[in-house]
Amino acid sequence: MFSFLSEPNYPNAAIGIESDAITAIALERQGKGAFGVKQVATVPLAAGIVMPSFLDVNISNTHQFSEVLEEAVASAGLLKQKRWSVALPSSTARTAILTLEAEPAQKSEADEILDWKAEQSFGAPAVDLRISRQSIARDRDGRARYFATAIKLSVIDEFENVFERLGWKVGLILPRAVSETNWLLGTDAAGDAMLISGQSDGFTALILRGNEPTVVRSVTCDANEIDDEIYRLLMFYNDRYAREMGSTLDRLLVTGRYIVPAKVMEIAADALDHATSILSSDEVGLHLPDRNFSFDELAAPAGLAALA
């Protein structure tokens, strides 16, 4: 599926950046598809230092940001680590499924159309974006589709400039939700799976079928509206995919402290008319040493570290 999640030689260490904390983590393999936490630390980040945004400046104080990065790495015992993957806050990026209405005659024409569609979906000129595109299964009408993730070049530059000053080599930079999706890939499960990745201003959701995204939604809303928005999304899935195409959503991965998994289970049962399990960290292959470790904090950077 995601070609950028299957390239060789990724490091087993990753950084997770949020508006209020930075996590540094290294994993160790514990059998096929299973990982344990080798080293980890999460350090609080003062309000206002990182303000996740797709269009605007993200880092207000690069010196303080750099200091907290170094503190997280030192606390995890990873000062000697120089190769990293990085999970950025979901709000720094936008994701969408782009569909070609007709088959272009040439690749250059397809690229132009996809760039235009990306601009319409992401609200910024394609020349200002770093866009990752991955071909996925055609829709039921036979039209070509692409899963696309975009981050503004100026935003990437903000973070990369800090990483370079620290002497780091960062090969993979992805938004949080895409990083977390790795925990749902590589399974032989017959049913569909959904990731709901919560953040302070809403959530990002991806519905996967056969290890490929079939629905992508980024929802901006107040905390008291999240439950209703999740219900609407699940009803859309039930009407469009379950009833029309005979699909079954049987696995849910819920991350983010702003979303309560038990409540999502209730909402899913109501919307889908059947019980749906919420996957634990152990069930997706990440074994946490004890309850002091939060899967919400570790899921994104650990998802990238698991690519090693």
# chains A, B, ... in the order shown; residues from 1 in each chain; ligands from 1
call {"tool": "select_by_dssp", "arguments": {"residues": "range 209-252 of chain A", "states": "alpha helix (DSSP H)", "output": "ChimeraX atom specification"}}
result
/A:226-237,244-245
call {"tool": "residues_around", "arguments": {"residues": "range 129-140 of chain A", "least_positions_apart": "6", "cutoff": "6 Å", "atoms": "only C-alpha atoms", "output": "count of residues only"}}
result
8
call {"tool": "atom_distance", "arguments": {"atom1": "CA of Val178 in chain A", "atom2": "CA of Ala102 in chain A"}}
result
27.7 Å
call {"tool": "closest_atom_pairs", "arguments": {"of": "range 141-253 of chain A", "to": "range 91-101 of chain A", "cutoff": "12 Å", "atoms": "only C-alpha atoms", "output": "tab-separated table"}}
result
residue	atom	partner	partner_atom	distance
A:Asp141	CA	A:Glu101	CA	9.6
A:Gly142	CA	A:Glu101	CA	9.4
A:Arg143	CA	A:Leu100	CA	6.0
A:Ala144	CA	A:Leu100	CA	5.4
A:Arg145	CA	A:Thr99	CA	4.4
A:Tyr146	CA	A:Leu98	CA	5.1
A:Phe147	CA	A:Ile97	CA	4.6
A:Ala148	CA	A:Ala96	CA	5.4
A:Thr149	CA	A:Thr95	CA	4.4
A:Ala150	CA	A:Arg94	CA	5.4
A:Ile151	CA	A:Ala93	CA	4.7
A:Lys152	CA	A:Ala93	CA	7.6
A:Leu153	CA	A:Ala93	CA	10.7
A:Ser154	CA	A:Thr92	CA	10.8
A:Val155	CA	A:Thr92	CA	7.5
A:Ile156	CA	A:Thr92	CA	9.1
A:Glu158	CA	A:Thr92	CA	11.4
A:Phe159	CA	A:Thr92	CA	11.0
A:Ile173	CA	A:Ala93	CA	10.6
A:Leu174	CA	A:Ala93	CA	8.3
A:Pro175	CA	A:Ala93	CA	6.0
A:Arg176	CA	A:Ser91	CA	8.7
A:Ala177	CA	A:Thr95	CA	9.5
A:Val178	CA	A:Thr95	CA	8.8
A:Ser179	CA	A:Ala93	CA	11.9
A:Ser197	CA	A:Ser91	CA	11.2
A:Gly198	CA	A:Ser91	CA	10.6
A:Gln199	CA	A:Ser91	CA	8.3
A:Ser200	CA	A:Ser91	CA	9.7
A:Asp201	CA	A:Ser91	CA	8.8
A:Gly202	CA	A:Ser91	CA	9.6
A:Phe203	CA	A:Ser91	CA	9.3
A:Thr204	CA	A:Thr95	CA	9.0
A:Ala205	CA	A:Thr95	CA	10.0
A:Leu206	CA	A:Thr95	CA	9.6
A:Ile207	CA	A:Ile97	CA	11.5
A:Glu212	CA	A:Ile97	CA	10.9
A:Pro213	CA	A:Ile97	CA	8.2
A:Thr214	CA	A:Ile97	CA	7.9
A:Val215	CA	A:Ile97	CA	7.4
A:Val216	CA	A:Ala96	CA	5.9
A:Arg217	CA	A:Ala96	CA	7.5
A:Ser218	CA	A:Thr95	CA	7.6
A:Val219	CA	A:Ser91	CA	10.5
A:Thr220	CA	A:Ser91	CA	9.7
call {"tool": "closest_residue", "arguments": {"among": "A:Lys263, A:His63, A:Arg83, A:Arg251", "to": "Ala26 in chain A", "atoms": "only C-alpha atoms"}}
result
A:Arg83
call {"tool": "closest_atom_pairs", "arguments": {"of": "range 37-109 of chain A", "to": "range 288-291 of chain A", "cutoff": "12 Å", "atoms": "only C-alpha atoms", "output": "JSON lines"}}
result
{"residue": "A:Val37", "atom": "CA", "partner": "A:Leu288", "partner_atom": "CA", "distance": 6.3}
{"residue": "A:Lys38", "atom": "CA", "partner": "A:Pro289", "partner_atom": "CA", "distance": 9.4}
{"residue": "A:Gln39", "atom": "CA", "partner": "A:Pro289", "partner_atom": "CA", "distance": 10.6}
{"residue": "A:Val40", "atom": "CA", "partner": "A:Leu288", "partner_atom": "CA", "distance": 10.6}
call {"tool": "write_last_selection", "arguments": {"atoms": "N, CA and C atoms", "output": "mmCIF file, in the first residue's frame"}}
result
data_model
loop_
_atom_site.group_PDB
_atom_site.id
_atom_site.type_symbol
_atom_site.label_atom_id
_atom_site.label_comp_id
_atom_site.auth_asym_id
_atom_site.auth_seq_id
_atom_site.Cartn_x
_atom_site.Cartn_y
_atom_site.Cartn_z
ATOM 1 N N VAL A 37 9.163 -1.772 23.520
ATOM 2 C CA VAL A 37 9.796 -0.469 23.704
ATOM 3 C C VAL A 37 11.178 -0.677 24.302
ATOM 4 N N LYS A 38 12.188 -0.254 23.562
ATOM 5 C CA LYS A 38 13.571 -0.378 24.032
ATOM 6 C C LYS A 38 13.970 0.829 24.875
ATOM 7 N N GLN A 39 13.698 2.007 24.364
ATOM 8 C CA GLN A 39 13.990 3.259 25.064
ATOM 9 C C GLN A 39 12.912 4.271 24.703
ATOM 10 N N VAL A 40 12.500 5.075 25.678
ATOM 11 C CA VAL A 40 11.450 6.051 25.393
ATOM 12 C C VAL A 40 11.443 7.142 26.452
#
call {"tool": "closest_residue", "arguments": {"among": "A:Asn58, A:Thr42, A:Ser277, A:Gln81", "to": "Ile22 in chain A", "atoms": "only C-alpha atoms"}}
result
A:Thr42
call {"tool": "select_by_dssp", "arguments": {"residues": "range 49-235 of chain A", "states": "strand (DSSP E)", "output": "ChimeraX atom specification"}}
result
/A:83-88,93-99,129-136,145-152,169-175,192-199,202-209,212-220
call {"tool": "write_last_selection", "arguments": {"atoms": "C-alpha atoms", "output": "PDB file, in the first residue's frame"}}
result
ATOM      1  CA  ARG A  83      19.086   8.863  12.122  1.00  0.00           C
ATOM      2  CA  TRP A  84      15.429   9.496  12.829  1.00  0.00           C
ATOM      3  CA  SER A  85      11.939   9.298  11.436  1.00  0.00           C
ATOM      4  CA  VAL A  86       9.555  12.024  12.600  1.00  0.00           C
ATOM      5  CA  ALA A  87       5.788  12.121  13.151  1.00  0.00           C
ATOM      6  CA  LEU A  88       4.433  15.673  12.950  1.00  0.00           C
ATOM      7  CA  ALA A  93      -0.658  18.128   6.903  1.00  0.00           C
ATOM      8  CA  ARG A  94      -3.705  17.353   4.808  1.00  0.00           C
ATOM      9  CA  THR A  95      -4.693  14.037   3.290  1.00  0.00           C
ATOM     10  CA  ALA A  96      -7.179  13.133   0.594  1.00  0.00           C
ATOM     11  CA  ILE A  97      -8.070  10.532  -1.994  1.00  0.00           C
ATOM     12  CA  LEU A  98      -7.740  12.038  -5.479  1.00  0.00           C
ATOM     13  CA  THR A  99      -9.771  10.486  -8.304  1.00  0.00           C
ATOM     14  CA  LEU A 129       3.605  21.656  -1.225  1.00  0.00           C
ATOM     15  CA  ARG A 130       5.501  18.440  -0.680  1.00  0.00           C
ATOM     16  CA  ILE A 131       2.956  15.926  -1.950  1.00  0.00           C
ATOM     17  CA  SER A 132       3.263  12.170  -1.496  1.00  0.00           C
ATOM     18  CA  ARG A 133       0.989  10.283  -3.904  1.00  0.00           C
ATOM     19  CA  GLN A 134       0.343   6.558  -3.877  1.00  0.00           C
ATOM     20  CA  SER A 135      -1.792   4.721  -6.421  1.00  0.00           C
ATOM     21  CA  ILE A 136      -4.538   2.690  -4.743  1.00  0.00           C
ATOM     22  CA  ARG A 145      -7.422   6.827  -7.420  1.00  0.00           C
ATOM     23  CA  TYR A 146      -4.469   8.126  -5.429  1.00  0.00           C
ATOM     24  CA  PHE A 147      -3.935   8.528  -1.706  1.00  0.00           C
ATOM     25  CA  ALA A 148      -2.235  11.898  -1.252  1.00  0.00           C
ATOM     26  CA  THR A 149      -0.601  13.594   1.717  1.00  0.00           C
ATOM     27  CA  ALA A 150       0.565  17.206   1.534  1.00  0.00           C
ATOM     28  CA  ILE A 151       2.717  19.364   3.805  1.00  0.00           C
ATOM     29  CA  LYS A 152       3.730  22.921   2.922  1.00  0.00           C
ATOM     30  CA  LYS A 169      19.492  12.864   9.429  1.00  0.00           C
ATOM     31  CA  VAL A 170      15.717  12.625   9.115  1.00  0.00           C
ATOM     32  CA  GLY A 171      14.625  10.459   6.215  1.00  0.00           C
ATOM     33  CA  LEU A 172      10.890  10.143   6.795  1.00  0.00           C
ATOM     34  CA  ILE A 173       8.562  12.925   7.950  1.00  0.00           C
ATOM     35  CA  LEU A 174       4.854  12.086   8.078  1.00  0.00           C
ATOM     36  CA  PRO A 175       1.781  13.444   9.849  1.00  0.00           C
ATOM     37  CA  ASP A 192     -12.389  -3.268   7.040  1.00  0.00           C
ATOM     38  CA  ALA A 193     -10.481  -1.281   9.656  1.00  0.00           C
ATOM     39  CA  MET A 194     -10.735   2.332  10.788  1.00  0.00           C
ATOM     40  CA  LEU A 195      -8.251   4.642  12.450  1.00  0.00           C
ATOM     41  CA  ILE A 196      -9.662   7.562  14.422  1.00  0.00           C
ATOM     42  CA  SER A 197      -6.817   9.855  15.439  1.00  0.00           C
ATOM     43  CA  GLY A 198      -7.980  12.603  17.763  1.00  0.00           C
ATOM     44  CA  GLN A 199      -6.498  16.036  18.265  1.00  0.00           C
ATOM     45  CA  GLY A 202     -11.147  17.418  15.894  1.00  0.00           C
ATOM     46  CA  PHE A 203      -9.889  14.179  14.393  1.00  0.00           C
ATOM     47  CA  THR A 204      -8.528  12.463  11.305  1.00  0.00           C
ATOM     48  CA  ALA A 205     -10.083   9.178  10.195  1.00  0.00           C
ATOM     49  CA  LEU A 206      -8.942   6.618   7.644  1.00  0.00           C
ATOM     50  CA  ILE A 207     -10.956   3.558   6.653  1.00  0.00           C
ATOM     51  CA  LEU A 208      -8.789   0.771   5.267  1.00  0.00           C
ATOM     52  CA  ARG A 209      -9.795  -2.105   3.022  1.00  0.00           C
ATOM     53  CA  GLU A 212      -5.487   0.465   1.363  1.00  0.00           C
ATOM     54  CA  PRO A 213      -7.435   3.588   2.346  1.00  0.00           C
ATOM     55  CA  THR A 214     -10.918   3.772   0.939  1.00  0.00           C
ATOM     56  CA  VAL A 215     -12.174   6.771   2.950  1.00  0.00           C
ATOM     57  CA  VAL A 216     -10.163   9.679   4.375  1.00  0.00           C
ATOM     58  CA  ARG A 217     -11.719  12.388   6.518  1.00  0.00           C
ATOM     59  CA  SER A 218     -10.198  15.294   8.437  1.00  0.00           C
ATOM     60  CA  VAL A 219     -12.823  16.819  10.712  1.00  0.00           C
ATOM     61  CA  THR A 220     -12.394  20.146  12.488  1.00  0.00           C
TER      62      THR A 220
END
call {"tool": "closest_residue", "arguments": {"among": "A:Ala299, A:Cys221, A:Ile278, A:Ala308", "to": "Pro261 in chain A", "atoms": "only C-alpha atoms"}}
result
A:Ile278
call {"tool": "closest_residue", "arguments": {"among": "A:Asp20, A:Asp128, A:Glu229, A:Asp282", "to": "Pro44 in chain A", "atoms": "only C-alpha atoms"}}
result
A:Asp20
call {"tool": "residues_around", "arguments": {"residues": "His274 in chain A", "least_positions_apart": "6", "cutoff": "12 Å", "atoms": "only C-alpha atoms", "output": "MDAnalysis selection string"}}
result
chainID A and resid 234 238 242 248:251 265:268
call {"tool": "write_last_selection", "arguments": {"atoms": "N, CA and C atoms", "output": "PDB file, in the first residue's frame"}}
result
ATOM      1  N   LEU A 234     -19.475   7.108  10.647  1.00  0.00           N
ATOM      2  CA  LEU A 234     -19.804   5.684  10.673  1.00  0.00           C
ATOM      3  C   LEU A 234     -21.114   5.401   9.946  1.00  0.00           C
ATOM      4  N   ASN A 238     -21.638   2.954   6.821  1.00  0.00           N
ATOM      5  CA  ASN A 238     -22.661   1.909   6.846  1.00  0.00           C
ATOM      6  C   ASN A 238     -23.556   1.976   5.613  1.00  0.00           C
ATOM      7  N   ALA A 242     -21.186  -0.714   3.789  1.00  0.00           N
ATOM      8  CA  ALA A 242     -21.725  -1.920   4.410  1.00  0.00           C
ATOM      9  C   ALA A 242     -22.981  -2.403   3.689  1.00  0.00           C
ATOM     10  N   THR A 248     -17.797  -5.064   6.000  1.00  0.00           N
ATOM     11  CA  THR A 248     -17.963  -5.081   7.450  1.00  0.00           C
ATOM     12  C   THR A 248     -16.790  -4.378   8.106  1.00  0.00           C
ATOM     13  N   LEU A 249     -17.085  -3.417   8.942  1.00  0.00           N
ATOM     14  CA  LEU A 249     -16.050  -2.739   9.717  1.00  0.00           C
ATOM     15  C   LEU A 249     -15.944  -3.455  11.056  1.00  0.00           C
ATOM     16  N   ASP A 250     -14.843  -4.168  11.261  1.00  0.00           N
ATOM     17  CA  ASP A 250     -14.743  -4.970  12.481  1.00  0.00           C
ATOM     18  C   ASP A 250     -13.553  -4.612  13.362  1.00  0.00           C
ATOM     19  N   ARG A 251     -12.727  -3.641  12.930  1.00  0.00           N
ATOM     20  CA  ARG A 251     -11.574  -3.255  13.749  1.00  0.00           C
ATOM     21  C   ARG A 251     -11.470  -1.736  13.799  1.00  0.00           C
ATOM     22  N   MET A 265     -16.941   2.830  20.973  1.00  0.00           N
ATOM     23  CA  MET A 265     -17.560   1.508  20.840  1.00  0.00           C
ATOM     24  C   MET A 265     -19.081   1.617  20.877  1.00  0.00           C
ATOM     25  N   GLU A 266     -19.603   2.444  21.769  1.00  0.00           N
ATOM     26  CA  GLU A 266     -21.051   2.644  21.848  1.00  0.00           C
ATOM     27  C   GLU A 266     -21.583   3.269  20.559  1.00  0.00           C
ATOM     28  N   ILE A 267     -20.882   4.285  20.080  1.00  0.00           N
ATOM     29  CA  ILE A 267     -21.302   4.970  18.853  1.00  0.00           C
ATOM     30  C   ILE A 267     -21.272   4.009  17.674  1.00  0.00           C
ATOM     31  N   ALA A 268     -20.214   3.204  17.581  1.00  0.00           N
ATOM     32  CA  ALA A 268     -20.073   2.257  16.473  1.00  0.00           C
ATOM     33  C   ALA A 268     -21.180   1.213  16.499  1.00  0.00           C
TER      34      ALA A 268
END
call {"tool": "residues_around", "arguments": {"residues": "Ser66 in chain A", "least_positions_apart": "2", "cutoff": "9 Å", "atoms": "only C-alpha atoms", "output": "NGL selection string"}}
result
:A and (61-64 or 68-71 or 162-163 or 165-166)
call {"tool": "write_last_selection", "arguments": {"atoms": "C-alpha atoms", "output": "PDB file, in the first residue's frame"}}
result
ATOM      1  CA  ASN A  61      10.665  29.677  19.245  1.00  0.00           C
ATOM      2  CA  THR A  62      13.198  27.420  17.514  1.00  0.00           C
ATOM      3  CA  HIS A  63      15.667  27.644  20.418  1.00  0.00           C
ATOM      4  CA  GLN A  64      13.193  26.362  22.999  1.00  0.00           C
ATOM      5  CA  VAL A  68      13.046  20.183  24.356  1.00  0.00           C
ATOM      6  CA  LEU A  69      13.981  17.895  21.460  1.00  0.00           C
ATOM      7  CA  GLU A  70      17.416  17.387  22.989  1.00  0.00           C
ATOM      8  CA  GLU A  71      15.903  16.852  26.440  1.00  0.00           C
ATOM      9  CA  VAL A 162      16.091  22.518  13.508  1.00  0.00           C
ATOM     10  CA  PHE A 163      16.915  18.872  12.814  1.00  0.00           C
ATOM     11  CA  ARG A 165      21.283  22.123  13.450  1.00  0.00           C
ATOM     12  CA  LEU A 166      21.099  19.139  15.811  1.00  0.00           C
TER      13      LEU A 166
END
call {"tool": "residues_around", "arguments": {"residues": "Ala47 in chain A", "least_positions_apart": "2", "cutoff": "8 Å", "atoms": "only C-alpha atoms", "output": "PyMOL selection string"}}
result
chain A and resi 19-20+45+49-50
call {"tool": "atom_distance", "arguments": {"atom1": "CA of Phe35 in chain A", "atom2": "CA of Ala14 in chain A"}}
result
13.8 Å
